[in-house]
>>> print(open('structure_38.tsv').read())   # TSV, C-alpha atoms and all ligand atoms
chain	number	residue	atom	x	y	z
L	871	MET	CA	4.42	-6.11	5.32
L	872	ILE	CA	1.95	-3.57	6.75
L	873	LYS	CA	-1.76	-4.40	6.86
L	874	TYR	CA	-3.33	-2.55	3.94
L	875	LEU	CA	-6.77	-2.14	2.45
L	876	GLY	CA	-6.83	-3.58	-1.07
L	877	SER	CA	-3.41	-5.18	-0.67
L	878	LYS	CA	-2.80	-7.88	-3.26
L	879	ARG	CA	-1.36	-10.30	-0.70
L	880	THR	CA	-3.27	-13.29	-2.03
L	881	LEU	CA	-2.71	-12.44	-5.70
L	882	VAL	CA	1.03	-11.76	-5.82
L	883	GLY	CA	1.76	-15.34	-6.92
L	884	VAL	CA	-0.62	-15.05	-9.86
L	885	LEU	CA	0.71	-11.61	-10.79
L	886	GLY	CA	4.28	-12.91	-10.67
L	887	ALA	CA	3.28	-15.81	-12.93
L	888	ILE	CA	1.65	-13.36	-15.35
L	889	ALA	CA	4.87	-11.30	-15.47
L	890	GLN	CA	6.84	-14.45	-16.27
L	891	ALA	CA	4.39	-15.58	-18.96
L	892	ALA	CA	4.51	-12.09	-20.48
L	893	GLU	CA	8.31	-12.52	-20.68
L	894	ALA	CA	8.65	-9.05	-19.16
L	895	ASN	CA	11.98	-7.51	-18.21
L	896	THR	CA	10.66	-4.13	-17.14
L	897	ALA	CA	7.52	-3.20	-15.23
L	898	VAL	CA	5.55	-0.39	-13.63
L	899	ASP	CA	3.42	-0.89	-10.52
L	900	LEU	CA	1.11	2.14	-10.45
L	901	PHE	CA	-0.83	2.65	-7.16
L	902	THR	CA	1.84	0.48	-5.54
L	903	GLY	CA	0.63	0.92	-1.90
L	904	THR	CA	2.61	-1.60	0.18
L	905	THR	CA	4.83	-2.25	-2.90
L	906	ARG	CA	3.95	-5.92	-2.52
L	907	VAL	CA	3.35	-6.48	-6.22
L	908	ALA	CA	6.40	-4.44	-7.27
L	909	GLN	CA	8.43	-6.58	-4.85
L	910	GLU	CA	7.19	-9.76	-6.51
L	911	PHE	CA	8.11	-8.41	-9.97
L	912	LYS	CA	11.55	-7.47	-8.66
L	913	ARG	CA	12.00	-10.94	-7.17
L	914	GLN	CA	11.22	-12.35	-10.63
L	915	GLY	CA	14.19	-10.34	-11.94
L	916	LEU	CA	12.30	-7.44	-13.51
L	917	GLU	CA	13.46	-3.84	-13.30
L	918	VAL	CA	10.53	-2.12	-11.61
L	919	ILE	CA	9.17	1.40	-11.19
L	920	ALA	CA	6.77	1.66	-8.22
L	921	SER	CA	4.55	4.72	-7.92
L	922	ASP	CA	1.92	6.02	-5.50
L	923	ALA	CA	0.64	9.33	-4.12
L	924	ALA	CA	1.25	8.33	-0.49
L	925	THR	CA	4.48	9.49	1.18
L	926	TYR	CA	4.75	6.30	3.24
L	927	SER	CA	4.45	4.27	0.06
L	928	ASP	CA	7.39	6.21	-1.41
L	929	VAL	CA	9.46	5.27	1.66
L	930	LEU	CA	8.45	1.60	1.31
L	931	ALA	CA	9.38	1.71	-2.39
L	932	LYS	CA	12.75	3.33	-1.64
L	933	CYS	CA	13.41	0.50	0.82
L	934	TYR	CA	12.13	-2.50	-1.16
L	935	ILE	CA	12.38	-1.39	-4.79
L	936	GLU	CA	15.23	1.15	-5.03
L	937	THR	CA	17.54	-0.62	-2.59
L	938	ASP	CA	19.64	-3.44	-4.01
L	939	ALA	CA	20.00	-6.04	-1.23
L	940	ASP	CA	23.37	-7.12	-2.65
L	941	LYS	CA	24.82	-3.67	-2.06
L	942	ILE	CA	23.80	-3.39	1.58
L	943	ASP	CA	26.25	-3.97	4.42
L	944	ARG	CA	23.95	-6.00	6.70
L	945	ASN	CA	26.27	-5.76	9.72
L	946	GLU	CA	26.31	-2.00	9.55
L	947	LEU	CA	22.53	-1.91	9.09
L	948	GLN	CA	22.01	-4.31	11.99
L	949	GLU	CA	24.15	-2.07	14.23
L	950	LYS	CA	21.90	0.87	13.46
L	951	ILE	CA	18.78	-1.21	14.12
L	952	ASP	CA	20.26	-2.44	17.44
L	953	TYR	CA	21.07	1.14	18.42
L	954	LEU	CA	17.51	2.31	17.68
L	955	ASN	CA	16.08	-0.68	19.57
L	956	SER	CA	18.20	0.27	22.59
L	957	LEU	CA	16.70	3.76	22.95
L	958	SER	CA	14.50	4.41	25.99
L	959	GLY	CA	10.94	5.60	25.48
L	960	LEU	CA	10.11	9.30	25.21
L	961	LYS	CA	6.62	10.73	25.64
L	962	GLY	CA	5.95	12.77	22.49
L	963	TYR	CA	3.57	13.35	19.59
L	964	VAL	CA	2.73	9.68	18.92
L	965	THR	CA	2.20	8.88	22.59
L	966	GLU	CA	-0.09	11.84	23.10
L	967	ASN	CA	-2.16	11.54	19.92
L	968	PHE	CA	-2.22	7.81	19.21
L	969	CYS	CA	-1.86	6.22	22.67
L	970	ILE	CA	-3.49	8.59	25.20
L	971	ASN	CA	-6.04	10.66	23.24
L	972	ALA	CA	-6.71	7.67	20.97
L	973	ARG	CA	-5.66	4.06	21.51
L	974	PHE	CA	-3.82	2.82	18.43
L	975	PHE	CA	-0.71	1.70	20.35
L	976	GLN	CA	-0.02	0.95	23.98
L	977	PRO	CA	1.81	3.93	25.59
L	978	LYS	CA	4.96	1.85	26.23
L	979	ASN	CA	5.24	1.31	22.45
L	980	GLY	CA	4.13	4.85	21.53
L	981	GLU	CA	6.97	6.20	23.67
L	982	ARG	CA	9.46	3.96	21.86
L	983	ILE	CA	8.09	5.07	18.47
L	984	ASP	CA	8.52	8.69	19.57
L	985	ALA	CA	12.09	8.12	20.75
L	986	ILE	CA	13.15	6.25	17.60
L	987	ARG	CA	11.44	8.67	15.22
L	988	GLU	CA	13.02	11.70	16.93
L	989	GLU	CA	16.44	10.05	16.70
L	990	LEU	CA	15.91	9.25	13.00
L	991	ALA	CA	15.01	12.92	12.40
L	992	LYS	CA	17.99	14.16	14.42
L	993	SER	CA	20.80	11.88	13.29
L	994	PHE	CA	19.77	9.76	10.28
L	995	THR	CA	18.10	11.89	7.58
L	996	LYS	CA	21.29	11.86	5.49
L	997	ASP	CA	22.08	8.24	6.31
L	998	GLU	CA	22.15	5.85	3.34
L	999	HIS	CA	19.87	3.50	5.28
L	1000	TYR	CA	17.33	6.16	6.31
L	1001	ASN	CA	14.40	4.77	4.27
L	1002	ILE	CA	15.17	1.22	5.38
L	1003	LEU	CA	15.19	2.30	9.03
L	1004	LEU	CA	11.94	4.25	8.60
L	1005	THR	CA	10.35	1.21	6.92
L	1006	SER	CA	11.58	-0.95	9.77
L	1007	LEU	CA	9.88	1.41	12.26
L	1008	MET	CA	6.62	1.37	10.27
L	1009	LEU	CA	6.61	-2.45	10.15
L	1010	ALA	CA	7.44	-2.71	13.86
L	1011	ALA	CA	4.62	-0.27	14.76
L	1012	ASP	CA	2.18	-2.18	12.53
L	1013	ARG	CA	3.03	-5.42	14.35
L	1014	VAL	CA	1.95	-3.94	17.72
L	1015	ASP	CA	-1.05	-1.82	16.70
L	1016	SER	CA	-4.57	-2.20	18.03
L	1017	THR	CA	-6.62	-1.84	14.86
L	1018	THR	CA	-8.28	-3.99	12.22
L	1019	GLY	CA	-5.70	-2.73	9.75
L	1020	GLN	CA	-6.84	0.86	9.15
L	1021	HIS	CA	-6.31	4.09	11.10
L	1022	MET	CA	-9.91	5.33	10.98
L	1023	ALA	CA	-10.67	3.49	14.22
L	1024	TYR	CA	-9.03	1.34	16.86
L	1025	LEU	CA	-10.26	-1.67	18.76
L	1026	LYS	CA	-12.45	-1.34	21.84
L	1027	SER	CA	-10.09	-3.52	23.89
L	1028	TRP	CA	-6.35	-3.68	23.30
L	1029	SER	CA	-5.45	-6.24	20.64
L	1030	HIS	CA	-3.31	-9.14	21.79
L	1031	ARG	CA	-0.42	-8.05	19.58
L	1032	SER	CA	-0.39	-4.51	21.05
L	1033	LYS	CA	0.89	-5.98	24.33
L	1034	HIS	CA	4.13	-7.12	22.73
L	1035	ASP	CA	7.16	-4.86	22.76
L	1036	LEU	CA	8.00	-2.89	19.63
L	1037	VAL	CA	11.09	-4.39	17.96
L	1038	LEU	CA	12.77	-3.13	14.79
L	1039	GLN	CA	14.10	-5.74	12.37
L	1040	ILE	CA	15.86	-5.56	9.01
L	1041	PRO	CA	13.14	-5.64	6.33
L	1042	GLU	CA	13.36	-8.42	3.73
L	1043	LEU	CA	15.37	-6.60	1.08
L	1044	ILE	CA	15.45	-7.80	-2.54
L	1045	SER	CA	18.35	-8.03	-5.01
L	1046	GLY	CA	18.11	-5.93	-8.14
L	1047	THR	CA	17.33	-2.41	-9.24
L	1048	GLY	CA	14.23	-0.26	-9.37
L	1049	LYS	CA	12.81	3.16	-8.80
L	1050	SER	CA	10.17	4.92	-6.74
L	1051	VAL	CA	8.09	7.75	-8.19
L	1052	LEU	CA	5.99	9.74	-5.72
L	1053	GLY	CA	3.00	11.47	-7.31
L	1054	LEU	CA	-0.52	11.39	-8.63
L	1055	ALA	CA	-1.10	8.54	-11.07
L	1056	GLU	CA	-3.00	10.80	-13.45
L	1057	GLU	CA	0.13	12.99	-13.77
L	1058	VAL	CA	2.89	10.41	-13.31
L	1059	VAL	CA	1.53	8.17	-16.07
L	1060	GLU	CA	2.45	10.78	-18.68
L	1061	GLU	CA	6.13	10.74	-17.69
L	1062	LEU	CA	6.66	7.03	-17.17
L	1063	PRO	CA	8.72	5.24	-19.82
L	1064	SER	CA	7.36	2.49	-22.02
L	1065	VAL	CA	7.71	-0.86	-20.22
L	1066	ASP	CA	7.07	-4.53	-20.98
L	1067	LEU	CA	4.42	-4.90	-18.28
L	1068	PHE	CA	2.30	-2.15	-16.76
L	1069	TYR	CA	0.30	-3.09	-13.66
L	1070	MET	CA	-2.27	-0.82	-12.04
L	1071	ASP	CA	-4.39	-1.27	-8.92
L	1072	PRO	CA	-6.41	1.90	-8.19
L	1073	PRO	CA	-8.67	2.49	-5.15
L	1074	TYR	CA	-12.08	0.86	-5.56
L	1075	ASN	CA	-14.39	3.26	-3.77
L	1076	GLN	CA	-14.73	6.34	-1.55
L	1077	HIS	CA	-12.39	5.07	1.19
L	1078	ARG	CA	-9.39	7.37	1.18
L	1079	TYR	CA	-5.91	6.07	1.84
L	1080	PHE	CA	-4.74	9.47	3.09
L	1081	THR	CA	-7.11	9.19	6.07
L	1082	ASN	CA	-7.13	5.41	6.37
L	1083	TYR	CA	-3.36	5.44	6.87
L	1084	HIS	CA	-2.87	8.89	8.42
L	1085	ILE	CA	-0.51	7.54	11.10
L	1086	TRP	CA	1.94	6.22	8.48
L	1087	GLU	CA	1.71	9.51	6.60
L	1088	THR	CA	2.57	11.44	9.79
L	1089	LEU	CA	5.25	9.01	10.95
L	1090	VAL	CA	7.03	9.37	7.62
L	1091	ARG	CA	6.61	13.14	7.20
L	1092	TRP	CA	7.15	13.79	10.95
L	1093	ASP	CA	5.43	17.15	10.58
L	1094	LYS	CA	3.31	16.63	13.73
L	1095	PRO	CA	0.10	18.15	12.36
L	1096	GLU	CA	-2.92	19.29	14.32
L	1097	VAL	CA	-5.44	16.44	14.47
L	1098	TYR	CA	-9.25	16.08	14.58
L	1099	GLY	CA	-12.02	13.50	14.88
L	1100	VAL	CA	-12.21	10.28	16.86
L	1101	SER	CA	-9.21	8.77	15.15
L	1102	ASN	CA	-7.09	11.94	15.44
L	1103	ARG	CA	-6.51	12.20	11.75
L	1104	ARG	CA	-4.41	14.92	10.14
L	1105	ILE	CA	-6.04	18.35	9.83
L	1106	ASP	CA	-4.88	18.53	6.19
L	1107	SER	CA	-7.12	15.51	5.42
L	1108	ARG	CA	-9.69	18.23	4.72
L	1109	ASP	CA	-7.53	19.93	2.06
L	1110	LEU	CA	-8.68	19.33	-1.48
L	1111	GLU	CA	-5.16	18.54	-2.61
L	1112	ASN	CA	-5.26	15.46	-0.39
L	1113	HIS	CA	-8.46	14.10	-1.93
L	1114	SER	CA	-7.90	11.60	-4.71
L	1115	VAL	CA	-9.90	11.74	-7.91
L	1116	PHE	CA	-9.99	7.92	-7.66
L	1117	ASN	CA	-12.18	8.16	-4.53
L	1118	LYS	CA	-14.85	10.27	-6.28
L	1119	ARG	CA	-17.68	8.36	-7.88
L	1120	LYS	CA	-18.30	10.94	-10.62
L	1121	LEU	CA	-14.68	11.57	-11.59
L	1122	MET	CA	-13.16	8.14	-11.07
L	1123	PRO	CA	-14.39	6.30	-14.21
L	1124	ASN	CA	-12.88	8.84	-16.61
L	1125	ALA	CA	-9.67	9.21	-14.59
L	1126	PHE	CA	-9.29	5.42	-14.61
L	1127	LYS	CA	-9.87	5.13	-18.35
L	1128	ASP	CA	-7.47	8.00	-18.95
L	1129	VAL	CA	-4.69	6.28	-17.00
L	1130	ILE	CA	-5.33	3.05	-18.95
L	1131	MET	CA	-5.14	4.96	-22.24
L	1132	LYS	CA	-1.82	6.57	-21.26
L	1133	ALA	CA	0.00	3.49	-19.95
L	1134	LYS	CA	2.79	2.72	-22.42
L	1135	CYS	CA	3.43	-1.01	-22.48
L	1136	GLU	CA	3.27	-4.34	-24.29
L	1137	THR	CA	1.22	-6.06	-21.60
L	1138	LEU	CA	-1.28	-4.17	-19.47
L	1139	VAL	CA	-2.51	-5.77	-16.24
L	1140	VAL	CA	-5.34	-4.10	-14.33
L	1141	SER	CA	-6.65	-5.15	-10.93
L	1142	TYR	CA	-10.19	-4.36	-10.01
L	1143	ASN	CA	-13.01	-5.62	-7.86
L	1144	ASN	CA	-16.65	-6.45	-8.36
L	1145	GLU	CA	-17.90	-3.80	-5.89
L	1146	SER	CA	-16.46	-0.81	-7.67
L	1147	TRP	CA	-17.78	2.03	-9.79
L	1148	VAL	CA	-16.72	0.94	-13.28
L	1149	GLU	CA	-18.28	-1.97	-15.12
L	1150	PRO	CA	-15.86	-4.76	-16.15
L	1151	HIS	CA	-17.00	-4.33	-19.73
L	1152	ASP	CA	-15.91	-0.66	-19.70
L	1153	ILE	CA	-12.48	-1.54	-18.35
L	1154	ALA	CA	-12.02	-4.21	-21.03
L	1155	GLN	CA	-13.13	-1.69	-23.66
L	1156	ALA	CA	-10.65	0.92	-22.36
L	1157	CYS	CA	-7.86	-1.70	-22.63
L	1158	LEU	CA	-8.81	-2.33	-26.27
L	1159	ASP	CA	-9.20	1.39	-27.02
L	1160	SER	CA	-5.67	1.95	-25.71
L	1161	GLY	CA	-4.38	-0.15	-28.60
L	1162	HIS	CA	-4.20	-3.71	-27.29
L	1163	ALA	CA	-5.57	-6.38	-29.63
L	1164	SER	CA	-6.87	-8.75	-26.98
L	1165	VAL	CA	-8.00	-8.68	-23.36
L	1166	ALA	CA	-8.69	-11.53	-20.92
L	1167	LEU	CA	-10.49	-11.25	-17.60
L	1168	PHE	CA	-9.67	-13.45	-14.61
L	1169	GLU	CA	-11.90	-13.55	-11.57
L	1170	PHE	CA	-10.89	-14.61	-8.07
L	1171	ASP	CA	-12.88	-15.24	-4.93
L	1172	TYR	CA	-11.40	-13.21	-2.20
L	1173	LYS	CA	-11.88	-13.25	1.53
L	1174	ARG	CA	-13.21	-9.81	2.30
L	1175	TYR	CA	-11.08	-7.35	4.23
L	1176	ILE	CA	-11.21	-8.14	7.95
L	1177	GLY	CA	-12.35	-4.62	9.02
L	1178	SER	CA	-15.70	-5.21	7.39
L	1179	GLN	CA	-16.09	-8.70	8.83
L	1180	ILE	CA	-15.91	-7.80	12.49
L	1181	GLY	CA	-17.09	-4.18	12.41
L	1182	ILE	CA	-15.34	-0.97	13.42
L	1183	TYR	CA	-15.47	0.68	16.84
L	1184	ASN	CA	-15.12	4.38	17.68
L	1185	LYS	CA	-13.47	6.11	20.66
L	1186	ALA	CA	-16.43	5.33	22.94
L	1187	GLY	CA	-16.28	1.67	22.00
L	1188	ASP	CA	-19.49	1.77	19.95
L	1189	LEU	CA	-19.79	-0.20	16.76
L	1190	VAL	CA	-19.80	2.43	13.99
L	1191	GLY	CA	-19.13	0.27	10.94
L	1192	SER	CA	-21.56	-2.50	10.10
L	1193	LYS	CA	-20.55	-6.11	9.56
L	1194	GLY	CA	-20.22	-6.49	5.83
L	1195	LYS	CA	-20.62	-9.28	3.31
L	1196	ARG	CA	-17.88	-11.87	3.54
L	1197	GLU	CA	-17.13	-12.40	-0.12
L	1198	ASN	CA	-16.08	-10.13	-2.90
L	1199	LYS	CA	-14.36	-10.83	-6.19
L	1200	GLU	CA	-11.00	-9.66	-7.41
L	1201	LEU	CA	-10.73	-9.13	-11.15
L	1202	ILE	CA	-7.55	-9.08	-13.19
L	1203	PHE	CA	-7.62	-7.86	-16.78
L	1204	VAL	CA	-4.70	-8.76	-19.01
L	1205	ALA	CA	-4.35	-6.94	-22.32
L	1206	GLY	CA	-1.79	-7.31	-25.08
L	1207	ASP	CA	-1.39	-8.99	-28.45
L	1208	PHE	CA	-3.34	-12.24	-29.08
L	1209	GLU	CA	-0.41	-14.57	-28.68
L	1210	ARG	CA	0.80	-13.10	-25.40
L	1211	VAL	CA	-2.67	-12.96	-23.84
L	1212	GLU	CA	-3.27	-16.58	-24.88
L	1213	ARG	CA	0.05	-17.63	-23.33
L	1214	ILE	CA	-0.83	-15.84	-20.09
L	1215	GLU	CA	-4.29	-17.46	-20.05
L	1216	SER	CA	-2.79	-20.90	-20.28
L	1217	VAL	CA	-0.31	-20.16	-17.49
L	1218	VAL	CA	-3.06	-18.85	-15.19
L	1219	ALA	CA	-5.27	-21.83	-16.07
L	1220	GLY	CA	-2.31	-24.14	-15.38
L	1221	ARG	CA	-2.24	-22.79	-11.82
L	1222	GLY	CA	-5.78	-24.12	-11.42
L	1223	ILE	CA	-7.33	-20.72	-11.97
L	1224	GLU	CA	-9.96	-20.64	-14.70
L	1225	PRO	CA	-10.13	-17.49	-16.80
L	1226	ARG	CA	-13.46	-15.94	-17.68
L	1227	THR	CA	-13.45	-14.96	-21.34
P	1	LIG	C1	-5.82	-0.67	-3.94
P	1	LIG	S1	-4.49	0.24	-3.25
P	1	LIG	C2	-3.08	-0.50	-3.97
P	1	LIG	C3	-2.65	-1.72	-3.20
P	1	LIG	C4	-1.35	-2.31	-3.70
P	1	LIG	N1	-1.47	-2.94	-4.99
P	1	LIG	C5	-0.83	-3.34	-2.69
P	1	LIG	O1	-0.88	-4.55	-2.96
P	1	LIG	O2	-0.40	-2.91	-1.62
P	1	LIG	C6	-4.61	1.79	-4.07
P	1	LIG	C7	-3.46	2.77	-3.88
P	1	LIG	O3	-3.73	3.93	-4.67
P	1	LIG	C8	-3.12	5.05	-4.04
P	1	LIG	N2	-3.75	6.26	-4.62
P	1	LIG	C9	-4.97	6.78	-4.41
P	1	LIG	N3	-5.19	7.83	-5.23
P	1	LIG	C10	-4.07	7.98	-5.97
P	1	LIG	C11	-3.70	8.87	-7.03
P	1	LIG	N4	-4.52	9.83	-7.47
P	1	LIG	N5	-2.48	8.72	-7.57
P	1	LIG	C12	-1.62	7.75	-7.14
P	1	LIG	N6	-1.93	6.88	-6.16
P	1	LIG	C13	-3.14	6.99	-5.59
P	1	LIG	C14	-3.34	4.83	-2.57
P	1	LIG	O4	-2.38	5.54	-1.80
P	1	LIG	C15	-3.21	3.30	-2.46
P	1	LIG	O5	-1.92	2.94	-2.07
>>> encode(input="structure_38.tsv", output="C-alpha cells")
Amino acid sequence: MIKYLGSKRTLVGVLGAIAQAAEANTAVDLFTGTTRVAQEFKRQGLEVIASDAATYSDVLAKCYIETDADKIDRNELQEKIDYLNSLSGLKGYVTENFCINARFFQPKNGERIDAIREELAKSFTKDEHYNILLTSLMLAADRVDSTTGQHMAYLKSWSHRSKHDLVLQIPELISGTGKSVLGLAEEVVEELPSVDLFYMDPPYNQHRYFTNYHIWETLVRWDKPEVYGVSNRRIDSRDLENHSVFNKRKLMPNAFKDVIMKAKCETLVVSYNNESWVEPHDIAQACLDSGHASVALFEFDYKRYIGSQIGIYNKAGDLVGSKGKRENKELIFVAGDFERVERIESVVAGRGIEPRT
C-alpha cells in the first residue's frame, strides 16, 4: 500500500474487530484515502462503499473495493503486467518534472513510469483491468520513491529504495463486492445509503492531500499540468475548488459535525487525533446529537508520521520542516445503541486496548 499521511495502518485490526462486534454487513469508509480500512471491512465480508475526493483514491478503490478477486483471470492480468514491465524507458513528463527538475524518482525509473503510463493511456483505458494496472503502477512507483512519504519535498540524497528497479506486480485483490464514490464528503454524505457501519477519517489539519500527493493525482489523471514550487506541484493546487473545507481551521469544525449528523447508520465510527481542531467532547456530542444513544472513546498511542520525525528537505537540500514531537494520539469514537457500544467496548478491551469512557 502507498505511504500516506494519516493512514490507519496500525489501526486496521482494531477497526476490523469493531466491524465484527457491530455485526455489520454493510459499511461506508468516508475519506477512504489508501482504502486500507475499506479493504479490511471487505476482508471481513462486508459490502463496502469507499469514498474520497482524490482521483487516485478513486482508482485505488476501483481496484481494491469494486473488483471482486474471484472474478479476475489472474493469468490474463499477469500477462498484461509482464508486458508493461517489458517496456523500455521513455523520457517524458514524469522524468522531466519529478526526476530532473525535482528528485522524487531516479531517472531510470521515471522513464519507465513515463513509458508505462503512456502505454496505459494509449492501449488500456477501455481495458477491464485498467484501474488494477494503474494501481500497480502507483504502488511500484511508491516502492522506489525518494521521499518521506509525501510529495511536498524529496530527500537530500537518494533513498536506498530509489536505486531499485521499478517492477509492477498484481495488487492484493480481495474477494467480494463494493463500490467507489469519488466526491466531496460534505456532498457525497447526502446521497449515501443507510449502512450498518459508517466509518469516517477526515484530515486533521491544514496539510492538504491534493498537494501532498500531487504526483499520484497527476499520474492518475495524466493531464500533464504546468507545475510550480520546489516540489513541482500542480498549478491547479492554487484553484479554490481544490482546497478542502476540512483543511480550513474556521470551516472544518462545522463541516465535520455536519457530516457526522448526516451519516445514516446503526454504528458510527469516527477516527480523530489529539492534535486537531475539534475537541473530543464536541465530536462525542455531535455523535449523540445525530441520534445515537451512546458513544465510547478509545485512545491509542501512535508513532508519529515519519516525515515529522526526521525533518523535510527542499530542492537545495536545506531542512525546511522542523523535527516534530514523536508521539501523538489516535482517537476512535464509536456511537450506537447502548448494547452495541457496550459489546464493542468489551471486544476492544479484550484485545488489550483499554477504552476511555
Ligand atoms: C486522514 S486521510 C484518510 C486516511 C485513510 N483512512 C487511510 O487509512 O488511508 C483523509 C482523507 O480525506 C480526503 N479528503 C480531504 N478533504 C476531503 C473532502 N472535502 N471530501 C472527501 N475527501 C476529502 C483526503 O484525500 C484524504 O484521503
>>> closest_residue(input="structure_38.tsv", among="L:Cys1135, L:Val1140, L:Ala972, L:Ala939", to="ligand LIG 1 (chain P)", atoms="all atoms listed in the file")
L:Val1140
>>> atom_distance(input="structure_38.tsv", atom1="atom CA of L:Asn1102", atom2="atom CA of L:Tyr1083")
11.4 Å
>>> residues_around(input="structure_38.tsv", residues="L:Met1131", least_positions_apart="5", cutoff="9 Å", atoms="all atoms listed in the file", output="PyMOL selection string")
chain L and resi 1126+1156-1157+1159-1161
>>> write_last_selection(input="structure_38.tsv", atoms="C-alpha atoms", output="PDB file, in the coordinates of the input")
ATOM      1  CA  PHE L1126      -9.290   5.420 -14.610  1.00  0.00           C
ATOM      2  CA  ALA L1156     -10.650   0.920 -22.360  1.00  0.00           C
ATOM      3  CA  CYS L1157      -7.860  -1.700 -22.630  1.00  0.00           C
ATOM      4  CA  ASP L1159      -9.200   1.390 -27.020  1.00  0.00           C
ATOM      5  CA  SER L1160      -5.670   1.950 -25.710  1.00  0.00           C
ATOM      6  CA  GLY L1161      -4.380  -0.150 -28.600  1.00  0.00           C
TER       7      GLY L1161
END
>>> atom_distance(input="structure_38.tsv", atom1="atom CA of L:Asn955", atom2="atom CA of L:Asp940")
24.3 Å
>>> atom_distance(input="structure_38.tsv", atom1="atom CA of L:Glu1212", atom2="atom CA of L:Leu1158")
15.4 Å
